[in-house]
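**Q** Data: protein.cif, mmCIF, C-alpha atoms.
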data_data
loop_
_atom_site.label_atom_id
_atom_site.label_comp_id
_atom_site.auth_asym_id
_atom_site.auth_seq_id
_atom_site.Cartn_x
_atom_site.Cartn_y
_atom_site.Cartn_z
CA MET A 1 43.51 9.75 -11.09
CA SER A 2 44.34 13.45 -10.75
CA SER A 3 45.97 15.43 -13.55
CA THR A 4 49.58 16.35 -12.92
CA ILE A 5 52.53 18.04 -14.60
CA SER A 6 54.58 15.20 -16.07
CA ALA A 7 57.37 17.39 -17.48
CA ILE A 8 58.30 21.05 -17.92
CA TYR A 9 60.13 22.37 -20.98
CA ARG A 10 61.46 25.68 -22.22
CA HIS A 11 62.87 26.62 -25.63
CA PRO A 12 65.51 29.36 -25.17
CA VAL A 13 66.03 29.79 -28.93
CA LYS A 14 63.00 29.51 -31.19
CA GLY A 15 63.16 26.34 -33.31
CA LEU A 16 66.05 24.78 -31.39
CA THR A 17 66.27 22.15 -28.65
CA PRO A 18 63.66 21.92 -25.87
CA GLU A 19 65.24 21.95 -22.41
CA LYS A 20 63.66 20.05 -19.51
CA ARG A 21 63.33 21.79 -16.13
CA SER A 22 62.34 20.31 -12.79
CA GLU A 23 60.63 23.54 -11.73
CA VAL A 24 59.98 27.06 -13.00
CA GLU A 25 59.05 30.36 -11.40
CA LEU A 26 56.18 32.07 -13.23
CA SER A 27 55.14 35.73 -13.16
CA PRO A 28 51.72 37.16 -14.07
CA GLY A 29 51.34 37.75 -17.79
CA GLN A 30 54.73 36.23 -18.60
CA ALA A 31 56.01 33.06 -20.25
CA ILE A 32 58.39 30.55 -18.67
CA PRO A 33 61.69 32.38 -18.03
CA ASN A 34 63.95 32.17 -21.10
CA ASP A 35 61.30 30.47 -23.21
CA ARG A 36 61.52 31.75 -26.81
CA ARG A 37 63.74 34.57 -25.55
CA PHE A 38 65.98 34.37 -28.63
CA ALA A 39 65.47 33.57 -32.29
CA LEU A 40 67.45 33.44 -35.51
CA ALA A 41 65.86 35.82 -37.98
CA LEU A 42 66.43 35.24 -41.68
CA GLY A 43 69.04 37.45 -43.28
CA SER A 44 66.25 38.97 -45.38
CA THR A 45 64.18 39.95 -42.32
CA GLN A 46 64.26 43.68 -41.58
CA VAL A 47 65.06 43.43 -37.87
CA ASP A 48 68.04 43.71 -35.59
CA GLY A 49 68.87 43.61 -31.88
CA THR A 50 66.02 43.62 -29.37
CA VAL A 51 62.48 43.02 -30.61
CA SER A 52 59.24 44.16 -28.99
CA GLU A 53 56.83 43.66 -31.91
CA TRP A 54 55.35 40.28 -32.84
CA MET A 55 56.50 38.85 -36.17
CA ALA A 56 55.20 35.88 -38.14
CA LYS A 57 57.31 32.73 -37.91
CA SER A 58 58.10 32.97 -41.61
CA ASN A 59 60.62 35.67 -40.66
CA TYR A 60 62.73 33.20 -38.70
CA LEU A 61 64.62 29.98 -39.15
CA MET A 62 61.94 27.50 -38.09
CA LEU A 63 61.21 23.79 -38.05
CA MET A 64 58.10 24.07 -40.24
CA ARG A 65 60.33 25.02 -43.19
CA ASP A 66 63.88 24.27 -41.99
CA GLU A 67 63.81 20.72 -40.63
CA ARG A 68 67.61 20.61 -40.76
CA LEU A 69 67.59 22.50 -37.45
CA ALA A 70 66.56 19.26 -35.71
CA GLN A 71 69.98 17.78 -36.57
CA LEU A 72 71.42 20.04 -33.87
CA GLN A 73 71.29 19.87 -30.09
CA THR A 74 71.58 23.08 -28.10
CA GLU A 75 72.15 23.95 -24.44
CA PHE A 76 71.60 27.37 -22.87
CA ASP A 77 73.38 28.36 -19.66
CA ASP A 78 71.38 30.88 -17.62
CA GLU A 79 74.37 32.13 -15.63
CA THR A 80 76.65 32.93 -18.57
CA GLN A 81 73.86 33.46 -21.15
CA THR A 82 75.84 31.12 -23.40
CA LEU A 83 74.42 28.86 -26.11
CA THR A 84 76.32 25.69 -26.96
CA VAL A 85 75.48 24.01 -30.27
CA LEU A 86 76.25 20.32 -30.79
CA ARG A 87 75.88 18.00 -33.73
CA GLY A 88 76.06 14.28 -33.08
CA GLY A 89 77.26 15.05 -29.55
CA ARG A 90 80.21 17.15 -30.76
CA GLN A 91 80.38 20.88 -30.05
CA VAL A 92 80.25 22.90 -33.27
CA ALA A 93 79.58 26.42 -31.97
CA ARG A 94 79.40 28.35 -28.71
CA GLY A 95 78.72 31.97 -27.86
CA ALA A 96 77.26 34.30 -25.23
CA LEU A 97 73.98 35.51 -26.74
CA THR A 98 74.03 38.82 -24.85
CA GLN A 99 77.46 39.79 -26.22
CA LYS A 100 78.21 40.93 -29.77
CA ILE A 101 81.11 38.54 -30.31
CA GLY A 102 79.05 35.61 -28.99
CA ARG A 103 76.11 36.42 -31.26
CA THR A 104 78.51 36.73 -34.20
CA MET A 105 79.92 33.27 -33.56
CA ILE A 106 76.44 31.75 -33.47
CA GLU A 107 75.32 33.66 -36.58
CA ASP A 108 78.45 32.55 -38.47
CA PHE A 109 77.74 28.92 -37.66
CA PHE A 110 74.09 29.04 -38.72
CA GLN A 111 74.92 30.84 -41.95
CA ALA A 112 77.34 28.05 -42.86
CA PHE A 113 75.01 25.29 -41.61
CA MET A 114 71.79 26.50 -43.23
CA LYS A 115 73.44 27.85 -46.41
CA GLU A 116 70.96 29.51 -48.80
CA GLU A 117 68.04 28.61 -46.55
CA SER A 118 69.07 31.39 -44.16
CA ARG A 119 68.64 33.95 -46.99
CA GLY A 120 71.87 35.67 -46.12
CA ARG A 121 73.46 36.05 -42.73
CA PRO A 122 70.95 35.12 -40.01
CA LYS A 123 70.46 37.59 -37.17
CA LEU A 124 70.41 36.49 -33.54
CA ILE A 125 67.70 38.61 -31.95
CA GLU A 126 66.35 38.87 -28.41
CA ALA A 127 62.84 39.54 -27.14
CA ALA A 128 62.41 42.81 -25.26
CA GLU A 129 61.43 42.50 -21.60
CA GLY A 130 57.86 41.27 -21.28
CA HIS A 131 57.82 39.82 -24.78
CA VAL A 132 58.52 36.41 -26.36
CA LEU A 133 59.50 35.35 -29.87
CA SER A 134 56.80 32.72 -30.20
CA ASP A 135 54.05 32.02 -32.72
CA HIS A 136 51.57 33.52 -30.26
CA ASP A 137 51.32 37.30 -30.08
CA SER A 138 51.52 37.42 -26.27
CA PRO A 139 53.41 35.47 -23.56
CA VAL A 140 51.64 32.17 -22.87
CA ILE A 141 52.22 28.70 -21.49
CA SER A 142 51.48 25.80 -23.84
CA MET A 143 50.03 22.65 -22.29
CA ILE A 144 50.03 19.24 -23.98
CA ASN A 145 47.87 16.33 -22.79
CA LEU A 146 49.89 13.12 -23.16
CA ALA A 147 46.69 11.06 -23.32
CA SER A 148 45.66 12.97 -26.46
CA LEU A 149 48.97 12.01 -28.07
CA GLN A 150 48.37 8.38 -27.13
CA ASP A 151 44.90 8.59 -28.68
CA MET A 152 46.45 9.87 -31.92
CA ALA A 153 47.97 6.42 -32.39
CA ARG A 154 44.56 5.47 -33.83
CA VAL A 155 45.23 7.63 -36.90
CA LEU A 156 49.04 7.68 -36.96
CA GLY A 157 49.77 4.04 -36.11
CA SER A 158 51.80 5.03 -33.02
CA ALA A 159 51.77 7.90 -30.54
CA PRO A 160 53.89 10.86 -31.66
CA ASP A 161 56.84 12.08 -29.60
CA ALA A 162 55.64 14.92 -27.36
CA ARG A 163 58.68 17.01 -28.34
CA ARG A 164 57.16 17.50 -31.79
CA PHE A 165 54.56 19.78 -30.17
CA ARG A 166 57.11 21.96 -28.32
CA GLY A 167 54.93 22.33 -25.24
CA ASN A 168 55.89 23.89 -21.91
CA PHE A 169 53.81 21.65 -19.62
CA LEU A 170 53.17 17.99 -20.41
CA ILE A 171 50.09 16.69 -18.58
CA GLU A 172 49.31 13.15 -17.49
CA GLY A 173 46.24 11.70 -15.78
CA MET A 174 43.72 13.53 -17.97
CA GLU A 175 41.28 11.90 -20.41
CA PRO A 176 42.17 12.27 -24.11
CA TRP A 177 41.25 15.71 -25.44
CA ALA A 178 39.84 16.80 -22.06
CA GLU A 179 42.27 19.74 -22.14
CA PHE A 180 39.93 21.42 -24.62
CA ASP A 181 37.22 21.50 -21.93
CA LEU A 182 39.48 23.75 -19.82
CA CYS A 183 39.30 26.64 -22.31
CA GLY A 184 37.79 29.66 -20.59
CA MET A 185 38.56 28.23 -17.14
CA GLN A 186 41.15 29.02 -14.51
CA VAL A 187 43.26 26.22 -13.04
CA LYS A 188 45.60 26.02 -10.08
CA VAL A 189 48.98 24.53 -10.93
CA GLY A 190 51.46 24.41 -8.06
CA ASP A 191 51.52 27.88 -6.53
CA THR A 192 50.10 29.53 -9.66
CA ILE A 193 46.75 30.30 -11.22
CA LEU A 194 46.53 29.95 -15.00
CA GLU A 195 43.69 30.89 -17.34
CA VAL A 196 43.33 28.45 -20.23
CA THR A 197 42.59 30.65 -23.23
CA GLU A 198 42.43 28.65 -26.47
CA ARG A 199 43.26 25.50 -28.40
CA ILE A 200 46.51 25.36 -30.36
CA ASP A 201 46.40 24.98 -34.14
CA ARG A 202 49.15 22.71 -35.42
CA CYS A 203 51.48 23.38 -38.35
CA GLY A 204 54.05 21.40 -40.31
CA ALA A 205 56.70 21.80 -37.58
CA THR A 206 55.10 18.77 -35.88
CA ASN A 207 55.91 16.66 -38.94
CA VAL A 208 59.66 16.73 -38.16
CA ASP A 209 61.16 13.90 -36.11
CA PRO A 210 63.11 15.61 -33.27
CA ASP A 211 65.82 12.93 -33.34
CA THR A 212 66.36 12.26 -37.04
CA ALA A 213 65.30 15.64 -38.50
CA GLU A 214 63.24 13.71 -41.08
CA ARG A 215 59.84 15.01 -42.17
CA ASP A 216 58.24 11.62 -41.62
CA LEU A 217 54.63 12.41 -40.61
CA ASN A 218 51.80 14.74 -41.58
CA ILE A 219 50.24 15.45 -38.22
CA PRO A 220 47.89 18.30 -39.25
CA LYS A 221 46.47 16.07 -42.00
CA ALA A 222 46.13 13.14 -39.58
CA LEU A 223 44.35 15.34 -37.03
CA MET A 224 41.91 16.57 -39.65
CA ARG A 225 41.30 13.04 -40.93
CA GLY A 226 40.82 11.53 -37.49
CA TYR A 227 39.20 14.35 -35.52
CA GLY A 228 37.97 17.01 -37.93
CA HIS A 229 40.37 19.68 -36.65
CA ILE A 230 44.12 20.46 -36.55
CA GLU A 231 44.33 21.31 -32.85
CA CYS A 232 46.42 19.71 -30.11
CA GLY A 233 47.13 21.26 -26.73
CA VAL A 234 45.98 24.55 -25.20
CA PHE A 235 47.45 27.94 -24.39
CA ALA A 236 47.21 29.45 -20.91
CA ARG A 237 48.24 32.77 -19.45
CA VAL A 238 49.58 33.29 -15.95
CA ILE A 239 47.10 35.07 -13.67
CA GLU A 240 48.90 34.57 -10.35
CA GLY A 241 52.61 33.78 -10.28
CA GLY A 242 54.53 31.24 -8.25
CA THR A 243 56.48 28.01 -8.58
CA VAL A 244 55.43 25.06 -10.72
CA ARG A 245 57.22 21.74 -10.24
CA GLU A 246 57.10 18.35 -11.90
CA GLY A 247 54.35 16.33 -10.21
CA ASP A 248 52.19 19.34 -9.29
CA THR A 249 48.48 18.76 -9.68
CA ILE A 250 46.17 20.68 -12.02
CA THR A 251 42.91 21.68 -10.34
CA PRO A 252 40.08 23.83 -11.77
CA VAL A 253 39.53 26.93 -9.62
#
Rewrite the structure of this file - the entire thing - as structure tokens.

**A**
Amino acid sequence: MSSTISAIYRHPVKGLTPEKRSEVELSPGQAIPNDRRFALALGSTQVDGTVSEWMAKSNYLMLMRDERLAQLQTEFDDETQTLTVLRGGRQVARGALTQKIGRTMIEDFFQAFMKEESRGRPKLIEAAEGHVLSDHDSPVISMINLASLQDMARVLGSAPDARRFRGNFLIEGMEPWAEFDLCGMQVKVGDTILEVTERIDRCGATNVDPDTAERDLNIPKALMRGYGHIECGVFARVIEGGTVREGDTITPV
């Protein structure tokens, strides 16, 4: 069975809802368009506006510390650049993230929702062109092997929801943990060529249930206990751009 792209996700605002896409257009050296383009910096973080320098995730509202974020569902509209925030299916905030008044509306909501955890008024910031507001210091694509998650049922009792790992490409048809063997290799995915660069260390963000917002697992501990490491998934950078669609095969070059 060949390895294929089972699903494609982007995360327009760091720490908020993953959004499924049927296809994406990739450019060399860049992330998926609108992936980790925005973030909510803590009120105590010395930053404002557009950001071109990498910052540690501790400077932002983030799932590893702020599991309450998973109580919300968000939708980003590419045409209007508008973020809609819902809680229990009901709209609770909406604003255009590229306009001052829209950012203010979103910041006001998150200050009230997160309370003291936001350490003052949170700041809606945007990545400068060519940058992303991710945990990695350069634009990458994260790839998660679904068979590896199924194999984790041996130490967790059941396979974890793939959304916990906030990947861009979910892969099916690959042997468990075979994604690690791709590190240092180039692969063809759809019209693109990617270079798989490294394994992904996992943090406490994976412990949060994406539906209930409960911190109900300890995935890094389970990985260490079961496999002797805390890694799941791999990073890749785009070498040659093009279109990637659900169902595209992954072939070593």

**Q** Apply the PyMOL selection byres ((chain A and resi 82) around 7) to the structure shown and report the selected residues as an MDAnalysis selection string.

**A** chainID A and resid 76:77 80:81 83:84 94:97

**Q** Could you turn the residues from that selection into a file that holds C-alpha atoms, as a CSV table (one decimal), in the coordinates of the input?

**A**
chain,number,residue,atom,x,y,z
A,76,PHE,CA,71.6,27.4,-22.9
A,77,ASP,CA,73.4,28.4,-19.7
A,80,THR,CA,76.6,32.9,-18.6
A,81,GLN,CA,73.9,33.5,-21.2
A,83,LEU,CA,74.4,28.9,-26.1
A,84,THR,CA,76.3,25.7,-27.0
A,94,ARG,CA,79.4,28.4,-28.7
A,95,GLY,CA,78.7,32.0,-27.9
A,96,ALA,CA,77.3,34.3,-25.2
A,97,LEU,CA,74.0,35.5,-26.7

**Q** Would you please work out which residue, of A:Ser22, A:Ser118, A:Ser3, A:Gln91, is nearest to Leu61 in chain A when using all atoms listed in the file?

**A** A:Ser118

**Q** Rank nothing, just name the residue among A:Val238, A:Leu182, A:Val187, A:Leu16 nearest to Arg164 in chain A, using only C-alpha atoms.

**A**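 Among the listed residues, the smallest separation from Arg164 in chain A belongs to A:Leu16.
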
**Q** Taking all atoms listed in the file into account, which of A:Ser27, A:Thr45, A:Ser52, A:Thr206 comes nearest Arg237 in chain A?

**A**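 Nearest candidate to Arg237 in chain A out of A:Ser27, A:Thr45, A:Ser52, A:Thr206: A:Ser27.
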
**Q** What do you get, as an MDAnalysis selection string, if you spell out every residue that the PyMOL selection byres ((chain A and resi 165) around 8) selects here?

**A** chainID A and resid 144 162:164 166:167 205:206

**Q** In Å, how far is it from CA of Ile250 in chain A to CA of Gly190 in chain A?

**A**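 Pair CA of Ile250 in chain A / CA of Gly190 in chain A returns 7.6 Å.
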
**Q** Applying the PyMOL selection byres ((chain A and resi 31) around 12) to the file I just gave you, which residues come out? Please list them as a PyMOL selection string.

**A** chain A and resi 9-12+24-30+32-37+127+129-134+136-142+167-169+194+235-239+241

**Q** For C-alpha atoms, I'd like the residues from the last selection saved as a PDB file, in the coordinates of the input.

**A**
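Below is the file result17.pdb, written as the result:
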ATOM      1  CA  TYR A   9      60.130  22.370 -20.980  1.00  0.00           C
ATOM      2  CA  ARG A  10      61.460  25.680 -22.220  1.00  0.00           C
ATOM      3  CA  HIS A  11      62.870  26.620 -25.630  1.00  0.00           C
ATOM      4  CA  PRO A  12      65.510  29.360 -25.170  1.00  0.00           C
ATOM      5  CA  VAL A  24      59.980  27.060 -13.000  1.00  0.00           C
ATOM      6  CA  GLU A  25      59.050  30.360 -11.400  1.00  0.00           C
ATOM      7  CA  LEU A  26      56.180  32.070 -13.230  1.00  0.00           C
ATOM      8  CA  SER A  27      55.140  35.730 -13.160  1.00  0.00           C
ATOM      9  CA  PRO A  28      51.720  37.160 -14.070  1.00  0.00           C
ATOM     10  CA  GLY A  29      51.340  37.750 -17.790  1.00  0.00           C
ATOM     11  CA  GLN A  30      54.730  36.230 -18.600  1.00  0.00           C
ATOM     12  CA  ILE A  32      58.390  30.550 -18.670  1.00  0.00           C
ATOM     13  CA  PRO A  33      61.690  32.380 -18.030  1.00  0.00           C
ATOM     14  CA  ASN A  34      63.950  32.170 -21.100  1.00  0.00           C
ATOM     15  CA  ASP A  35      61.300  30.470 -23.210  1.00  0.00           C
ATOM     16  CA  ARG A  36      61.520  31.750 -26.810  1.00  0.00           C
ATOM     17  CA  ARG A  37      63.740  34.570 -25.550  1.00  0.00           C
ATOM     18  CA  ALA A 127      62.840  39.540 -27.140  1.00  0.00           C
ATOM     19  CA  GLU A 129      61.430  42.500 -21.600  1.00  0.00           C
ATOM     20  CA  GLY A 130      57.860  41.270 -21.280  1.00  0.00           C
ATOM     21  CA  HIS A 131      57.820  39.820 -24.780  1.00  0.00           C
ATOM     22  CA  VAL A 132      58.520  36.410 -26.360  1.00  0.00           C
ATOM     23  CA  LEU A 133      59.500  35.350 -29.870  1.00  0.00           C
ATOM     24  CA  SER A 134      56.800  32.720 -30.200  1.00  0.00           C
ATOM     25  CA  HIS A 136      51.570  33.520 -30.260  1.00  0.00           C
ATOM     26  CA  ASP A 137      51.320  37.300 -30.080  1.00  0.00           C
ATOM     27  CA  SER A 138      51.520  37.420 -26.270  1.00  0.00           C
ATOM     28  CA  PRO A 139      53.410  35.470 -23.560  1.00  0.00           C
ATOM     29  CA  VAL A 140      51.640  32.170 -22.870  1.00  0.00           C
ATOM     30  CA  ILE A 141      52.220  28.700 -21.490  1.00  0.00           C
ATOM     31  CA  SER A 142      51.480  25.800 -23.840  1.00  0.00           C
ATOM     32  CA  GLY A 167      54.930  22.330 -25.240  1.00  0.00           C
ATOM     33  CA  ASN A 168      55.890  23.890 -21.910  1.00  0.00           C
ATOM     34  CA  PHE A 169      53.810  21.650 -19.620  1.00  0.00           C
ATOM     35  CA  LEU A 194      46.530  29.950 -15.000  1.00  0.00           C
ATOM     36  CA  PHE A 235      47.450  27.940 -24.390  1.00  0.00           C
ATOM     37  CA  ALA A 236      47.210  29.450 -20.910  1.00  0.00           C
ATOM     38  CA  ARG A 237      48.240  32.770 -19.450  1.00  0.00           C
ATOM     39  CA  VAL A 238      49.580  33.290 -15.950  1.00  0.00           C
ATOM     40  CA  ILE A 239      47.100  35.070 -13.670  1.00  0.00           C
ATOM     41  CA  GLY A 241      52.610  33.780 -10.280  1.00  0.00           C
TER      42      GLY A 241
END

**Q** Separation of CA of Tyr60 in chain A and CA of Leu40 in chain A, in Å?

**A**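 Separating CA of Tyr60 in chain A from CA of Leu40 in chain A is a distance of 5.7 Å.
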
**Q** Using all atoms listed in the file, pick whichever of A:Ala147, A:Leu86, A:Leu63, A:Ile200 has the shortest atom-to-atom distance to Glu214 in chain A.

**A** A:Leu63

**Q** Counting only C-alpha atoms, which of A:Cys203, A:Ala128, A:Ile171, A:Ala112 gets nearest to Met62 in chain A?

**A**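 The shortest atom-to-atom distance to Met62 in chain A comes from A:Cys203.
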
**Q** For CA of Asn145 in chain A and CA of Gly228 in chain A, quote the distance in Å rounded to one decimal.

**A**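 Between CA of Asn145 in chain A and CA of Gly228 in chain A the gap works out to 18.1 Å.
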
**Q** Which residue out of A:Cys183, A:Ala39, A:Ala159, A:Ala56 has the minimum interatomic distance to Val196 in chain A when all atoms listed in the file are used?

**A**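 Checking each candidate against Val196 in chain A, we get A:Cys183 as the closest.
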
**Q** Report as a list in words all protein, DNA and RNA residues lying within 7 Å of Phe110 in chain A, evaluated on all atoms listed in the file, omitting residues in the same chain fewer than 4 positions from it.

**A**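 Once the nearby chain positions are removed, what remains is Ile106, Met114 and Pro122 of chain A.
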
**Q** Missing atoms in range 223-243 of chain A need filling: write out N, CA and C atoms for it as a compact mmCIF listing (two decimals), in the coordinates of the input.

**A**
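Written file, result-v6.txt:
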# COMPACT_ATOMS: atom_id res chain seq x y z
N LEU A 223 45.33 14.79 -37.96
CA LEU A 223 44.35 15.34 -37.03
C LEU A 223 43.03 15.64 -37.74
N MET A 224 43.12 16.24 -38.91
CA MET A 224 41.91 16.57 -39.65
C MET A 224 41.16 15.30 -40.06
N ARG A 225 41.92 14.29 -40.50
CA ARG A 225 41.30 13.04 -40.93
C ARG A 225 40.64 12.31 -39.75
N GLY A 226 41.30 12.31 -38.61
CA GLY A 226 40.82 11.53 -37.49
C GLY A 226 39.85 12.26 -36.57
N TYR A 227 39.97 13.61 -36.52
CA TYR A 227 39.20 14.35 -35.52
C TYR A 227 38.44 15.55 -36.07
N GLY A 228 38.69 15.89 -37.34
CA GLY A 228 37.97 17.01 -37.93
C GLY A 228 38.50 18.37 -37.53
N HIS A 229 39.72 18.41 -36.99
CA HIS A 229 40.37 19.68 -36.65
C HIS A 229 41.89 19.48 -36.67
N ILE A 230 42.66 20.56 -36.55
CA ILE A 230 44.12 20.46 -36.55
C ILE A 230 44.68 20.97 -35.22
N GLU A 231 43.95 20.75 -34.14
CA GLU A 231 44.33 21.31 -32.85
C GLU A 231 44.86 20.24 -31.91
N CYS A 232 45.88 20.60 -31.13
CA CYS A 232 46.42 19.71 -30.11
C CYS A 232 47.08 20.56 -29.04
N GLY A 233 46.60 20.46 -27.82
CA GLY A 233 47.13 21.26 -26.73
C GLY A 233 46.36 22.57 -26.58
N VAL A 234 46.65 23.28 -25.48
CA VAL A 234 45.98 24.55 -25.20
C VAL A 234 46.99 25.57 -24.71
N PHE A 235 46.67 26.84 -24.94
CA PHE A 235 47.45 27.94 -24.39
C PHE A 235 46.83 28.40 -23.07
N ALA A 236 47.68 28.87 -22.16
CA ALA A 236 47.21 29.45 -20.91
C ALA A 236 48.07 30.66 -20.58
N ARG A 237 47.47 31.62 -19.91
CA ARG A 237 48.24 32.77 -19.45
C ARG A 237 48.28 32.77 -17.93
N VAL A 238 49.37 33.30 -17.39
CA VAL A 238 49.58 33.29 -15.95
C VAL A 238 48.79 34.43 -15.31
N ILE A 239 47.88 34.09 -14.40
CA ILE A 239 47.10 35.07 -13.67
C ILE A 239 47.78 35.42 -12.34
N GLU A 240 48.17 34.40 -11.61
CA GLU A 240 48.90 34.57 -10.35
C GLU A 240 50.20 33.77 -10.44
N GLY A 241 51.31 34.42 -10.15
CA GLY A 241 52.61 33.78 -10.28
C GLY A 241 52.95 32.87 -9.12
N GLY A 242 54.05 32.16 -9.27
CA GLY A 242 54.53 31.24 -8.25
C GLY A 242 55.37 30.15 -8.88
N THR A 243 55.63 29.11 -8.12
CA THR A 243 56.48 28.01 -8.58
C THR A 243 55.63 26.84 -9.08
